[in-house]
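Okay, run_9.cif now, which holds mmCIF, C-alpha atoms:
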```
data_target
loop_
_atom_site.label_atom_id
_atom_site.label_comp_id
_atom_site.auth_asym_id
_atom_site.auth_seq_id
_atom_site.Cartn_x
_atom_site.Cartn_y
_atom_site.Cartn_z
CA MET A 16 52.72 283.97 98.27
CA SER A 17 55.62 281.70 99.00
CA ALA A 18 58.91 283.27 100.01
CA PRO A 19 61.63 283.62 97.36
CA ALA A 20 64.39 281.08 97.47
CA THR A 21 67.69 282.13 99.01
CA THR A 22 71.18 280.80 98.56
CA ALA A 23 74.05 280.66 100.96
CA ASP A 24 76.56 283.06 99.37
CA ALA A 25 76.01 286.18 101.42
CA GLY A 26 76.20 289.83 100.35
CA HIS A 27 76.01 289.37 96.56
CA HIS A 28 73.33 290.85 94.30
CA GLU A 29 72.39 289.88 90.79
CA PRO A 30 74.68 291.68 88.27
CA SER A 31 73.25 295.06 87.20
CA LYS A 32 71.52 295.15 83.83
CA PHE A 33 71.40 298.98 83.74
CA HIS A 34 73.52 299.52 80.61
CA PHE A 35 71.96 296.50 78.93
CA TYR A 36 68.44 297.95 79.38
CA ILE A 37 69.59 301.34 78.07
CA ALA A 38 71.01 299.62 74.97
CA ILE A 39 67.74 297.70 74.40
CA ALA A 40 65.71 300.94 74.74
CA MET A 41 67.95 302.69 72.20
CA ILE A 42 67.52 299.80 69.73
CA LEU A 43 63.72 299.98 70.19
CA SER A 44 63.75 303.75 69.59
CA VAL A 45 65.82 303.39 66.42
CA ILE A 46 63.48 300.65 65.10
CA THR A 47 60.46 302.91 65.77
CA GLY A 48 62.16 305.75 63.87
CA VAL A 49 62.91 303.41 60.94
CA GLU A 50 59.25 302.27 60.90
CA VAL A 51 57.95 305.86 60.66
CA VAL A 52 60.42 306.75 57.88
CA LEU A 53 59.65 303.54 55.94
CA VAL A 54 56.00 304.44 55.26
CA TYR A 55 57.06 307.65 53.48
CA LEU A 56 59.69 306.03 51.23
CA PRO A 57 58.72 305.45 47.56
CA ILE A 58 59.36 301.70 47.61
CA ALA A 59 57.23 298.64 46.89
CA LYS A 60 54.20 298.35 49.19
CA TRP A 61 54.72 294.62 49.81
CA PHE A 62 58.26 295.32 50.98
CA VAL A 63 57.15 298.07 53.40
CA VAL A 64 54.36 295.88 54.84
CA THR A 65 56.77 292.96 55.32
CA ALA A 66 59.40 295.23 56.87
CA LEU A 67 56.84 296.78 59.27
CA VAL A 68 55.58 293.36 60.37
CA VAL A 69 59.15 292.06 60.91
CA LEU A 70 60.28 295.22 62.76
CA SER A 71 57.20 295.15 65.04
CA ALA A 72 57.83 291.47 65.78
CA VAL A 73 61.46 292.25 66.63
CA LYS A 74 60.38 295.06 69.02
CA PHE A 75 57.78 292.74 70.55
CA MET A 76 60.36 289.99 71.15
CA PHE A 77 62.95 292.42 72.57
CA VAL A 78 60.40 293.67 75.15
CA ILE A 79 59.07 290.27 76.24
CA PHE A 80 62.43 288.50 76.40
CA PHE A 81 64.54 291.27 77.95
CA PHE A 82 62.33 293.88 79.69
CA MET A 83 59.86 291.18 80.84
CA HIS A 84 62.74 288.83 81.77
CA LEU A 85 61.49 285.79 79.80
CA ARG A 86 65.11 285.29 78.74
CA TRP A 87 66.08 284.56 82.36
CA ASP A 88 62.84 283.01 83.67
CA LYS A 89 61.77 279.38 83.49
CA VAL A 90 60.65 278.29 80.01
CA PHE A 91 57.15 277.54 81.35
CA CYS A 92 56.44 281.31 81.52
CA THR A 93 57.32 281.58 77.81
CA ILE A 94 55.11 278.60 76.93
CA LEU A 95 52.19 279.99 78.98
CA PHE A 96 52.38 283.41 77.31
CA PHE A 97 52.81 281.97 73.83
CA ILE A 98 49.69 279.81 74.30
CA GLY A 99 47.70 283.05 74.67
CA LEU A 100 49.63 284.69 71.84
CA VAL A 101 49.06 281.78 69.42
CA LEU A 102 45.34 281.61 70.29
CA ALA A 103 45.06 285.38 69.75
CA GLY A 104 46.97 285.17 66.46
CA GLY A 105 44.82 282.23 65.32
CA THR A 106 41.62 284.11 66.17
CA MET A 107 42.83 287.15 64.24
CA TRP A 108 43.79 285.02 61.23
CA ALA A 109 40.41 283.23 61.28
CA LEU A 110 38.39 286.45 61.63
CA LEU A 111 40.30 288.22 58.84
CA HIS A 112 39.73 285.25 56.50
CA LEU A 113 36.07 284.80 57.45
CA PHE A 114 35.26 288.46 56.86
CA GLY A 115 37.52 288.62 53.82
CA ALA A 116 35.16 286.23 51.98
CA ASP A 117 32.71 287.84 49.52
CA ALA A 118 29.69 287.01 51.66
CA GLY A 119 31.29 288.79 54.61
CA LYS A 120 31.92 292.08 52.81
CA PRO A 121 29.57 295.01 53.51
CA LEU A 122 27.22 296.05 50.70
CA SER A 123 27.87 299.21 48.67
CA ALA A 124 25.42 302.12 49.13
CA ALA A 125 23.62 301.30 45.83
CA ALA A 126 23.38 297.56 46.63
CA LEU A 127 22.13 298.39 50.12
CA ASP A 128 19.33 300.60 48.70
CA PHE A 129 18.40 297.89 46.18
CA ALA A 130 18.30 295.25 48.93
CA ARG A 131 16.06 297.47 51.07
CA LEU A 132 13.65 298.04 48.16
CA THR A 133 13.42 294.40 47.13
CA VAL A 134 13.26 292.89 50.61
CA GLY A 135 11.01 295.64 51.89
CA MET B 15 65.88 300.20 103.81
CA SER B 16 65.87 296.58 104.70
CA SER B 17 69.03 294.60 104.12
CA HIS B 18 69.45 290.90 103.39
CA ALA B 19 72.34 288.69 104.21
CA ALA B 20 71.56 286.16 101.49
CA THR B 21 71.16 286.54 97.74
CA ILE B 22 67.57 286.33 96.47
CA ASP B 23 67.01 284.43 93.26
CA HIS B 24 64.58 286.74 91.44
CA HIS B 25 63.73 284.34 88.61
CA HIS B 26 63.14 281.05 90.41
CA ASP B 27 61.35 279.93 93.57
CA ALA B 28 62.24 276.47 94.87
CA THR B 29 59.26 276.44 97.26
CA THR B 30 56.63 276.25 94.49
CA SER B 31 55.91 273.15 92.41
CA THR B 32 56.62 274.98 89.14
CA GLY B 33 59.78 276.68 90.40
CA ILE B 34 58.19 279.99 89.40
CA PRO B 35 57.02 282.55 91.98
CA ASN B 36 53.20 282.27 92.17
CA LYS B 37 52.63 286.00 91.59
CA LYS B 38 54.68 285.89 88.40
CA LEU B 39 52.81 282.81 87.16
CA LEU B 40 49.45 284.48 87.84
CA TRP B 41 50.47 287.61 85.91
CA TRP B 42 51.74 285.63 82.92
CA ALA B 43 48.45 283.67 82.81
CA PHE B 44 46.47 286.94 82.96
CA LEU B 45 48.61 288.54 80.22
CA ALA B 46 48.13 285.47 78.00
CA SER B 47 44.35 285.90 78.34
CA ASP B 48 44.66 289.65 77.71
CA CYS B 49 46.44 288.83 74.41
CA MET B 50 43.21 287.19 73.23
CA PHE B 51 41.16 290.19 74.39
CA PHE B 52 43.28 292.64 72.39
CA GLY B 53 43.52 290.17 69.49
CA ALA B 54 39.72 290.33 69.16
CA LEU B 55 39.68 294.15 69.27
CA ILE B 56 42.53 294.54 66.77
CA SER B 57 41.01 292.04 64.33
CA THR B 58 37.60 293.76 64.56
CA HIS B 59 39.25 297.05 63.61
CA LEU B 60 41.19 295.42 60.75
CA VAL B 61 38.11 293.59 59.40
CA TYR B 62 36.28 296.90 58.95
CA ARG B 63 39.38 298.63 57.57
CA LEU B 64 39.86 295.94 54.90
CA ASN B 65 36.15 296.12 53.97
CA PRO B 66 35.20 299.74 54.71
CA PRO B 67 31.45 300.43 54.65
CA PRO B 68 30.17 303.52 52.77
CA GLY B 69 30.67 306.86 54.56
CA ASN B 70 33.68 305.73 56.59
CA ALA B 71 36.20 308.32 57.84
CA ILE B 72 39.53 308.57 55.95
CA PRO B 73 42.20 307.72 58.56
CA THR B 74 45.11 309.64 56.99
CA GLN B 75 42.99 312.82 57.06
CA VAL B 76 42.26 312.24 60.76
CA PHE B 77 45.54 310.96 62.23
CA ASN B 78 48.48 313.05 63.44
CA ILE B 79 51.36 310.61 62.90
CA GLU B 80 53.99 312.94 64.45
CA LEU B 81 52.14 313.03 67.77
CA THR B 82 51.46 309.28 67.73
CA SER B 83 55.13 308.52 66.95
CA PHE B 84 56.14 310.73 69.89
CA SER B 85 53.63 308.90 72.16
CA THR B 86 55.07 305.56 71.02
CA PHE B 87 58.59 306.73 71.88
CA ILE B 88 57.41 307.92 75.32
CA LEU B 89 55.75 304.56 76.06
CA LEU B 90 58.94 302.70 75.05
CA MET B 91 60.96 304.94 77.38
CA SER B 92 58.46 304.31 80.20
CA SER B 93 59.16 300.60 79.70
CA LEU B 94 62.87 301.34 80.11
CA LEU B 95 62.19 303.18 83.39
CA MET B 96 60.03 300.28 84.59
CA ALA B 97 62.83 297.80 83.81
CA LEU B 98 65.26 300.06 85.71
CA ALA B 99 62.82 300.18 88.68
CA VAL B 100 62.85 296.36 88.82
CA ASN B 101 66.64 296.37 88.45
CA ALA B 102 66.94 298.86 91.34
CA ILE B 103 64.70 296.94 93.75
CA GLN B 104 66.50 293.69 92.93
CA LYS B 105 69.60 295.40 94.35
CA GLY B 106 67.67 296.77 97.35
CA ASN B 107 67.95 300.40 96.19
CA ILE B 108 64.64 301.89 97.42
CA ARG B 109 65.42 305.51 96.52
CA SER B 110 66.18 304.65 92.90
CA THR B 111 63.13 302.37 92.74
CA ARG B 112 60.86 305.24 93.84
CA THR B 113 62.40 307.62 91.29
CA MET B 114 61.99 305.11 88.48
CA LEU B 115 58.39 304.32 89.50
CA LEU B 116 57.52 308.04 89.49
CA GLY B 117 59.24 308.43 86.12
CA THR B 118 57.31 305.49 84.67
CA MET B 119 54.04 306.94 85.97
CA PHE B 120 54.82 310.38 84.54
CA PHE B 121 55.76 308.96 81.13
CA GLY B 122 52.53 306.94 81.22
CA CYS B 123 50.68 310.20 81.89
CA ILE B 124 52.39 311.88 78.91
CA PHE B 125 51.14 309.00 76.75
CA LEU B 126 47.63 309.28 78.19
CA GLY B 127 47.71 313.08 77.79
CA GLY B 128 48.60 312.60 74.12
CA GLN B 129 45.59 310.31 73.80
CA VAL B 130 43.31 312.81 75.56
CA TYR B 131 44.49 315.54 73.14
CA GLU B 132 44.12 313.18 70.15
CA PHE B 133 40.56 312.09 71.06
CA ALA B 134 39.44 315.68 71.80
CA HIS B 135 40.97 316.87 68.50
CA PHE B 136 39.38 314.03 66.50
CA VAL B 137 35.92 314.76 67.94
CA ALA B 138 36.00 318.58 67.93
CA VAL B 139 37.98 319.29 64.74
CA LYS B 140 37.83 316.14 62.59
CA LYS B 141 34.20 315.43 63.59
CA MET B 142 34.89 311.72 64.12
CA THR B 143 32.83 310.42 67.05
CA LEU B 144 32.29 306.99 68.56
CA SER B 145 29.02 306.55 66.68
CA ASN B 146 29.15 308.47 63.37
CA SER B 147 31.34 305.93 61.53
CA ILE B 148 32.43 302.32 61.88
CA PHE B 149 36.05 303.47 61.78
CA GLY B 150 35.39 305.78 64.77
CA SER B 151 33.67 302.97 66.69
CA THR B 152 36.45 300.41 66.25
CA PHE B 153 39.27 302.97 66.61
CA TYR B 154 37.99 304.51 69.87
CA THR B 155 37.09 301.09 71.32
CA LEU B 156 40.55 299.66 70.60
CA THR B 157 42.73 302.64 71.55
CA GLY B 158 40.40 303.59 74.43
CA THR B 159 40.67 300.08 75.90
CA HIS B 160 44.45 300.28 75.60
CA GLY B 161 44.42 303.73 77.25
CA THR B 162 42.31 302.31 80.10
CA HIS B 163 44.96 299.61 80.58
CA VAL B 164 47.65 302.31 80.76
CA ALA B 165 45.58 304.29 83.31
CA ILE B 166 45.13 301.13 85.45
CA GLY B 167 48.90 300.59 85.18
CA VAL B 168 49.55 304.14 86.44
CA LEU B 169 47.22 303.48 89.40
CA LEU B 170 48.98 300.17 90.23
CA LEU B 171 52.37 301.90 90.05
CA GLY B 172 51.06 304.65 92.35
CA MET B 173 49.94 302.02 94.88
CA MET B 174 53.36 300.36 94.67
CA TYR B 175 55.08 303.76 95.14
CA VAL B 176 53.04 304.48 98.30
CA ARG B 177 53.77 300.95 99.57
CA THR B 178 57.54 301.65 99.49
CA PHE B 179 57.04 304.10 102.40
CA LYS B 180 55.56 301.54 104.83
CA PRO B 181 57.67 301.79 108.00
CA ALA B 182 59.63 298.76 109.20
CA HIS B 183 58.27 299.11 112.73
CA GLY B 184 54.62 299.88 113.49
CA GLU B 185 51.80 300.83 111.15
CA SER B 186 51.80 303.91 108.90
CA GLY B 187 48.01 304.30 109.24
CA LEU B 188 45.28 303.68 106.68
CA LEU B 189 44.32 307.35 106.44
CA ARG B 190 47.91 308.43 105.80
CA ASN B 191 48.35 305.80 103.06
CA PHE B 192 45.05 306.83 101.48
CA ALA B 193 46.01 310.54 101.56
CA HIS B 194 49.41 309.71 100.02
CA LEU B 195 47.81 307.65 97.22
CA ALA B 196 45.13 310.33 96.64
CA ALA B 197 47.86 312.99 96.26
CA VAL B 198 49.83 310.83 93.78
CA CYS B 199 46.67 310.05 91.77
CA THR B 200 45.65 313.74 91.74
CA VAL B 201 49.06 314.79 90.35
CA MET B 202 48.87 312.11 87.67
CA ALA B 203 45.23 312.91 86.76
CA VAL B 204 45.96 316.64 86.43
CA SER B 205 49.01 315.75 84.31
CA PHE B 206 47.19 313.66 81.74
CA ILE B 207 43.82 315.45 81.67
CA TRP B 208 45.02 319.07 81.64
CA LEU B 209 48.81 319.58 81.75
CA VAL B 210 49.98 317.38 78.86
CA PRO B 211 47.08 318.21 76.45
CA SER B 212 47.64 321.94 77.20
CA GLY B 213 51.36 321.49 76.55
CA ILE B 214 50.62 319.89 73.17
CA GLU B 215 48.18 322.71 72.34
CA ALA B 216 50.91 325.22 73.27
CA ILE B 217 53.36 323.44 70.93
CA TYR B 218 50.77 323.75 68.14
CA GLY B 219 50.51 327.52 68.76
CA ALA B 220 47.86 328.08 71.44
CA PRO B 221 48.71 331.04 73.74
CA VAL B 222 50.27 329.74 76.98
CA GLY B 223 48.80 332.50 79.16
CA GLU B 224 45.29 331.71 77.95
CA LEU B 225 45.78 327.97 78.63
CA LEU B 226 47.08 328.69 82.14
CA SER B 227 44.19 330.98 83.02
CA HIS B 228 41.63 328.61 81.46
CA HIS B 229 42.86 325.64 83.54
CA ALA B 230 43.95 327.62 86.62
CA VAL B 231 41.83 325.58 89.08
CA PRO B 232 43.07 322.06 88.07
CA PHE B 233 46.67 323.35 87.78
CA GLY B 234 46.36 324.84 91.30
CA ILE B 235 44.97 321.58 92.69
CA GLY B 236 47.76 319.66 90.93
CA ALA B 237 50.43 321.96 92.43
CA VAL B 238 49.02 321.47 95.95
CA ALA B 239 48.86 317.67 95.42
CA LEU B 240 52.49 317.72 94.17
CA ALA B 241 53.55 319.58 97.33
CA VAL B 242 51.75 316.92 99.42
CA VAL B 243 53.59 314.16 97.50
CA PHE B 244 56.94 315.88 98.24
CA TRP B 245 55.91 316.25 101.91
CA PHE B 246 55.16 312.54 102.19
CA ALA B 247 58.42 311.69 100.37
CA ARG B 248 60.66 313.54 102.85
CA SER B 249 63.27 311.21 104.30
CA GLY B 250 61.93 309.16 107.17
CA GLY B 251 62.99 306.12 109.13
CA GLU B 252 63.62 302.56 108.11
CA VAL B 253 61.03 301.04 105.74
CA GLU B 254 59.73 297.52 105.43
CA PHE B 255 59.94 297.50 101.61
CA GLY B 256 63.14 296.01 100.21
CA GLU B 257 64.79 293.49 97.94
CA LYS B 258 62.35 290.78 99.10
CA ASN B 259 59.57 292.80 97.39
CA ALA B 260 61.29 292.68 93.99
CA ILE B 261 58.72 290.13 92.80
CA ASP B 262 55.89 292.63 93.55
CA VAL B 263 57.55 295.37 91.49
CA GLU B 264 58.37 292.89 88.73
CA ALA B 265 54.73 291.71 88.61
CA ILE B 266 53.49 295.29 88.05
CA GLY B 267 56.33 295.68 85.56
CA LEU B 268 55.06 292.70 83.54
CA TYR B 269 51.68 294.41 83.18
CA TRP B 270 53.32 297.70 82.21
CA HIS B 271 55.51 296.09 79.54
CA PHE B 272 52.45 294.26 78.24
CA VAL B 273 50.61 297.53 77.51
CA ASP B 274 53.80 298.59 75.70
CA ILE B 275 53.85 295.50 73.45
CA VAL B 276 50.13 295.91 72.69
CA TRP B 277 50.86 299.48 71.59
CA ILE B 278 53.72 298.24 69.38
CA ILE B 279 51.11 296.18 67.46
CA ILE B 280 48.46 298.95 67.47
CA PHE B 281 50.95 301.57 66.23
CA THR B 282 51.82 299.42 63.21
CA ALA B 283 48.40 297.90 62.44
CA VAL B 284 46.16 300.91 63.12
CA TYR B 285 48.38 303.91 62.31
CA LEU B 286 51.42 303.15 60.11
CA LEU B 287 49.73 300.79 57.63
CA GLU B 288 47.20 303.54 56.79
CA TYR B 289 49.97 305.62 55.19
CA LEU B 290 50.83 303.09 52.50
#
```
Please express what this file holds, its structure, as structure tokens.
Amino acid sequence: MSAPATTADAGHHEPSKFHFYIAIAMILSVITGVEVVLVYLPIAKWFVVTALVVLSAVKFMFVIFFFMHLRWDKVFCTILFFIGLVLAGGTMWALLHLFGADAGKPLSAAALDFARLTVG
Amino acid sequence: MSSHAATIDHHHDATTSTGIPNKKLLWWAFLASDCMFFGALISTHLVYRLNPPPGNAIPTQVFNIELTSFSTFILLMSSLLMALAVNAIQKGNIRSTRTMLLGTMFFGCIFLGGQVYEFAHFVAVKKMTLSNSIFGSTFYTLTGTHGTHVAIGVLLLGMMYVRTFKPAHGESGLLRNFAHLAAVCTVMAVSFIWLVPSGIEAIYGAPVGELLSHHAVPFGIGAVALAVVFWFARSGGEVEFGEKNAIDVEAIGLYWHFVDIVWIIIFTAVYLLEYL
């Protein structure tokens, strides 16, 4: 591997992110707690599903941009990772729609028995 | 500890054509491909959950959401420790880096121990195996693959921890490094295979004395391995590892945070959505 670049100003380190990371971890913990409580609340299902998806996405973004340093790295790292993420998301979307079609659904027990009898 | 007169830019590398350290670029490319791997596993699980075949297991009767929520919290906290390990090495603080690496590994083992307990409980009590229902097949394949990633992460962190002891002058010896890594791996294996699952069983009411006597041999081996780890960790001379190795720790950190973000998705898609 190539050596990291150095600059001339001697004796200085990057500013500490200790308290910042602690704050991020606390936010992530609170979001996780909210997610668990949400599923037990007697509110509309569509609202809970939307809230869970949004909260998970927020946690996901917090981790990749702050813990994984994408926020401070070159934008190419973000593009590279999001290529994989978009391809994965697209594959999931396609699979869920393909198998959500009527022809993709598994047969019921009665229909399966009937199919076995008629086809042999 | 090695010291450096000049500041190291930990996010950019002017000597590469992309301006990104090659190791970091390689890890990001690998993680992008791993996204697709987990995407396929998660969608397979969801396809069969949305169209459940006859005789499928009922997830809410199988899951223990309290334990899984606790495991999720532990994995998030392990990510915090990993970020602090990278922060410490970027400032050349080897002692703090080692502590944070050990903490990350131990939290990873708590997560894995929770999974060992969960799988054993599902098979023995809930009678859900890998092959007796589609739900079992997709669930164990997905969460088991994620658990394997966590276990590989613990091993990589253990190798990085042992590497921090490499002396600045002369060789530490292959046998010594191997013994050190074997001791670390033994402690971690005993933690997640016996210690943590036994601890969870104790919390759920199993007699502690019976658990201790039942697993006396692995606990004894783990205690000896822990003593060996402490013996190797006693303060020595100057080490080669330092701020210049921050990219190595960060690279392992990227992998560790990735298993965390995959679990964020699995926790919502596989566990929480079942309770609606």
Just so the selection is clear, what residues does the PyMOL selection byres ((chain B and resi 252) around 7) cover here, as an MDAnalysis selection string? chainID B and resid 15 181:182 250:251 253:254
Please produce an output containing C-alpha atoms for each residue in the selection, written as a compact mmCIF listing (two decimals), in the coordinates of the input.
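Result written to result_24.txt:
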```txt
# COMPACT_ATOMS: atom_id res chain seq x y z
CA MET B 15 65.88 300.20 103.81
CA PRO B 181 57.67 301.79 108.00
CA ALA B 182 59.63 298.76 109.20
CA GLY B 250 61.93 309.16 107.17
CA GLY B 251 62.99 306.12 109.13
CA VAL B 253 61.03 301.04 105.74
CA GLU B 254 59.73 297.52 105.43
```
Residues within 12 Å of (33.6, 287.1, 53.4), file coords, only C-alpha atoms, listed as a list of chain:residue names: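 Nearby residues: A:Ala109, A:Leu110, A:Leu111, A:His112, A:Leu113, A:Phe114, A:Gly115, A:Ala116, A:Asp117, A:Ala118, A:Gly119, A:Lys120, A:Pro121, A:Leu122, B:Val61, B:Tyr62, B:Leu64, B:Asn65.
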Here is a test: counting only C-alpha atoms, which residue of B:Met91, B:Leu170, B:Val222, B:Val76 is nearest to chain A?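 Comparing B:Met91, B:Leu170, B:Val222, B:Val76 against chain A, the winner is B:Met91.
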Could you tell me which of B:Ser93, B:Thr118, B:Ser83, B:Asn70 comes closest to Val52 (chain A) if we count all atoms listed in the file?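 Among B:Ser93, B:Thr118, B:Ser83, B:Asn70, it is B:Ser83 that comes nearest to Val52 (chain A).
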May I ask which of the residues A:Met76, A:Leu43, A:Phe81, A:Ser123 is the closest one to Leu100 (chain A), counting all atoms listed in the file?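 Smallest separation from Leu100 (chain A) among the options: A:Met76.
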If the PyMOL selection byres ((chain B and resi 38-44) around 9) is run on the structure shown, which residues does it catch, given as a PDB file with C-alpha atoms, keeping the file's coordinate frame?
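And here's expr.pdb as it stands now:
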```pdb
ATOM      1  CA  PHE A  91      57.150 277.540  81.350  1.00  0.00           C
ATOM      2  CA  CYS A  92      56.440 281.310  81.520  1.00  0.00           C
ATOM      3  CA  THR A  93      57.320 281.580  77.810  1.00  0.00           C
ATOM      4  CA  LEU A  95      52.190 279.990  78.980  1.00  0.00           C
ATOM      5  CA  PHE A  96      52.380 283.410  77.310  1.00  0.00           C
ATOM      6  CA  GLY A  99      47.700 283.050  74.670  1.00  0.00           C
TER       7      GLY A  99
ATOM      8  CA  THR B  32      56.620 274.980  89.140  1.00  0.00           C
ATOM      9  CA  ILE B  34      58.190 279.990  89.400  1.00  0.00           C
ATOM     10  CA  PRO B  35      57.020 282.550  91.980  1.00  0.00           C
ATOM     11  CA  ASN B  36      53.200 282.270  92.170  1.00  0.00           C
ATOM     12  CA  LYS B  37      52.630 286.000  91.590  1.00  0.00           C
ATOM     13  CA  LEU B  45      48.610 288.540  80.220  1.00  0.00           C
ATOM     14  CA  ALA B  46      48.130 285.470  78.000  1.00  0.00           C
ATOM     15  CA  SER B  47      44.350 285.900  78.340  1.00  0.00           C
ATOM     16  CA  ASP B  48      44.660 289.650  77.710  1.00  0.00           C
ATOM     17  CA  CYS B  49      46.440 288.830  74.410  1.00  0.00           C
ATOM     18  CA  ILE B 261      58.720 290.130  92.800  1.00  0.00           C
ATOM     19  CA  ASP B 262      55.890 292.630  93.550  1.00  0.00           C
ATOM     20  CA  GLU B 264      58.370 292.890  88.730  1.00  0.00           C
ATOM     21  CA  ALA B 265      54.730 291.710  88.610  1.00  0.00           C
ATOM     22  CA  ILE B 266      53.490 295.290  88.050  1.00  0.00           C
ATOM     23  CA  LEU B 268      55.060 292.700  83.540  1.00  0.00           C
ATOM     24  CA  TYR B 269      51.680 294.410  83.180  1.00  0.00           C
TER      25      TYR B 269
END
```
Could you please determine the separation between CA of Gly117 (chain B) and CA of Met96 (chain B) in Å, to one decimal place? 8.3 Å
What does the distance from CA of Arg109 (chain B) to CA of Thr178 (chain B) come to in Å, to one decimal?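 About the pair CA of Arg109 (chain B) and CA of Thr178 (chain B): they are 9.3 Å apart.
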Which of these, A:Val134, A:Val54, A:Leu85, A:Val90, has the shortest distance to chain B once you count all atoms listed in the file?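 Looking only at the distances to chain B, the closest residue turns out to be A:Val54.
Nearest to chain B of all the residues A:Ala103, A:His34, A:Thr133, A:Val69 is A:Ala103, counting all atoms listed in the file.
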Fix up region 244-256 of chain B with N, CA and C atoms, then write it as a CSV table (one decimal), in the frame of the given file.
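Contents of the output file result13.csv:
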```csv
chain,number,residue,atom,x,y,z
B,244,PHE,N,55.6,315.6,97.8
B,244,PHE,CA,56.9,315.9,98.2
B,244,PHE,C,57.0,315.8,99.8
B,245,TRP,N,55.9,316.3,100.4
B,245,TRP,CA,55.9,316.2,101.9
B,245,TRP,C,55.9,314.8,102.4
B,246,PHE,N,55.2,313.9,101.8
B,246,PHE,CA,55.2,312.5,102.2
B,246,PHE,C,56.5,311.9,101.9
B,247,ALA,N,57.2,312.4,100.8
B,247,ALA,CA,58.4,311.7,100.4
B,247,ALA,C,59.6,312.1,101.1
B,248,ARG,N,59.5,313.1,102.1
B,248,ARG,CA,60.7,313.5,102.8
B,248,ARG,C,61.3,312.3,103.6
B,249,SER,N,62.6,312.4,103.8
B,249,SER,CA,63.3,311.2,104.3
B,249,SER,C,62.8,310.9,105.7
B,250,GLY,N,62.4,309.6,105.9
B,250,GLY,CA,61.9,309.2,107.2
B,250,GLY,C,62.8,308.1,107.7
B,251,GLY,N,62.2,307.2,108.5
B,251,GLY,CA,63.0,306.1,109.1
B,251,GLY,C,63.1,304.9,108.2
B,252,GLU,N,63.4,303.8,108.8
B,252,GLU,CA,63.6,302.6,108.1
B,252,GLU,C,62.3,302.1,107.6
B,253,VAL,N,62.3,301.5,106.3
B,253,VAL,CA,61.0,301.0,105.7
B,253,VAL,C,61.1,299.5,105.6
B,254,GLU,N,59.8,299.0,105.5
B,254,GLU,CA,59.7,297.5,105.4
B,254,GLU,C,60.1,297.0,104.0
B,255,PHE,N,59.8,297.9,103.0
B,255,PHE,CA,59.9,297.5,101.6
B,255,PHE,C,61.4,297.3,101.3
B,256,GLY,N,61.7,296.3,100.5
B,256,GLY,CA,63.1,296.0,100.2
B,256,GLY,C,63.3,295.0,99.1
```
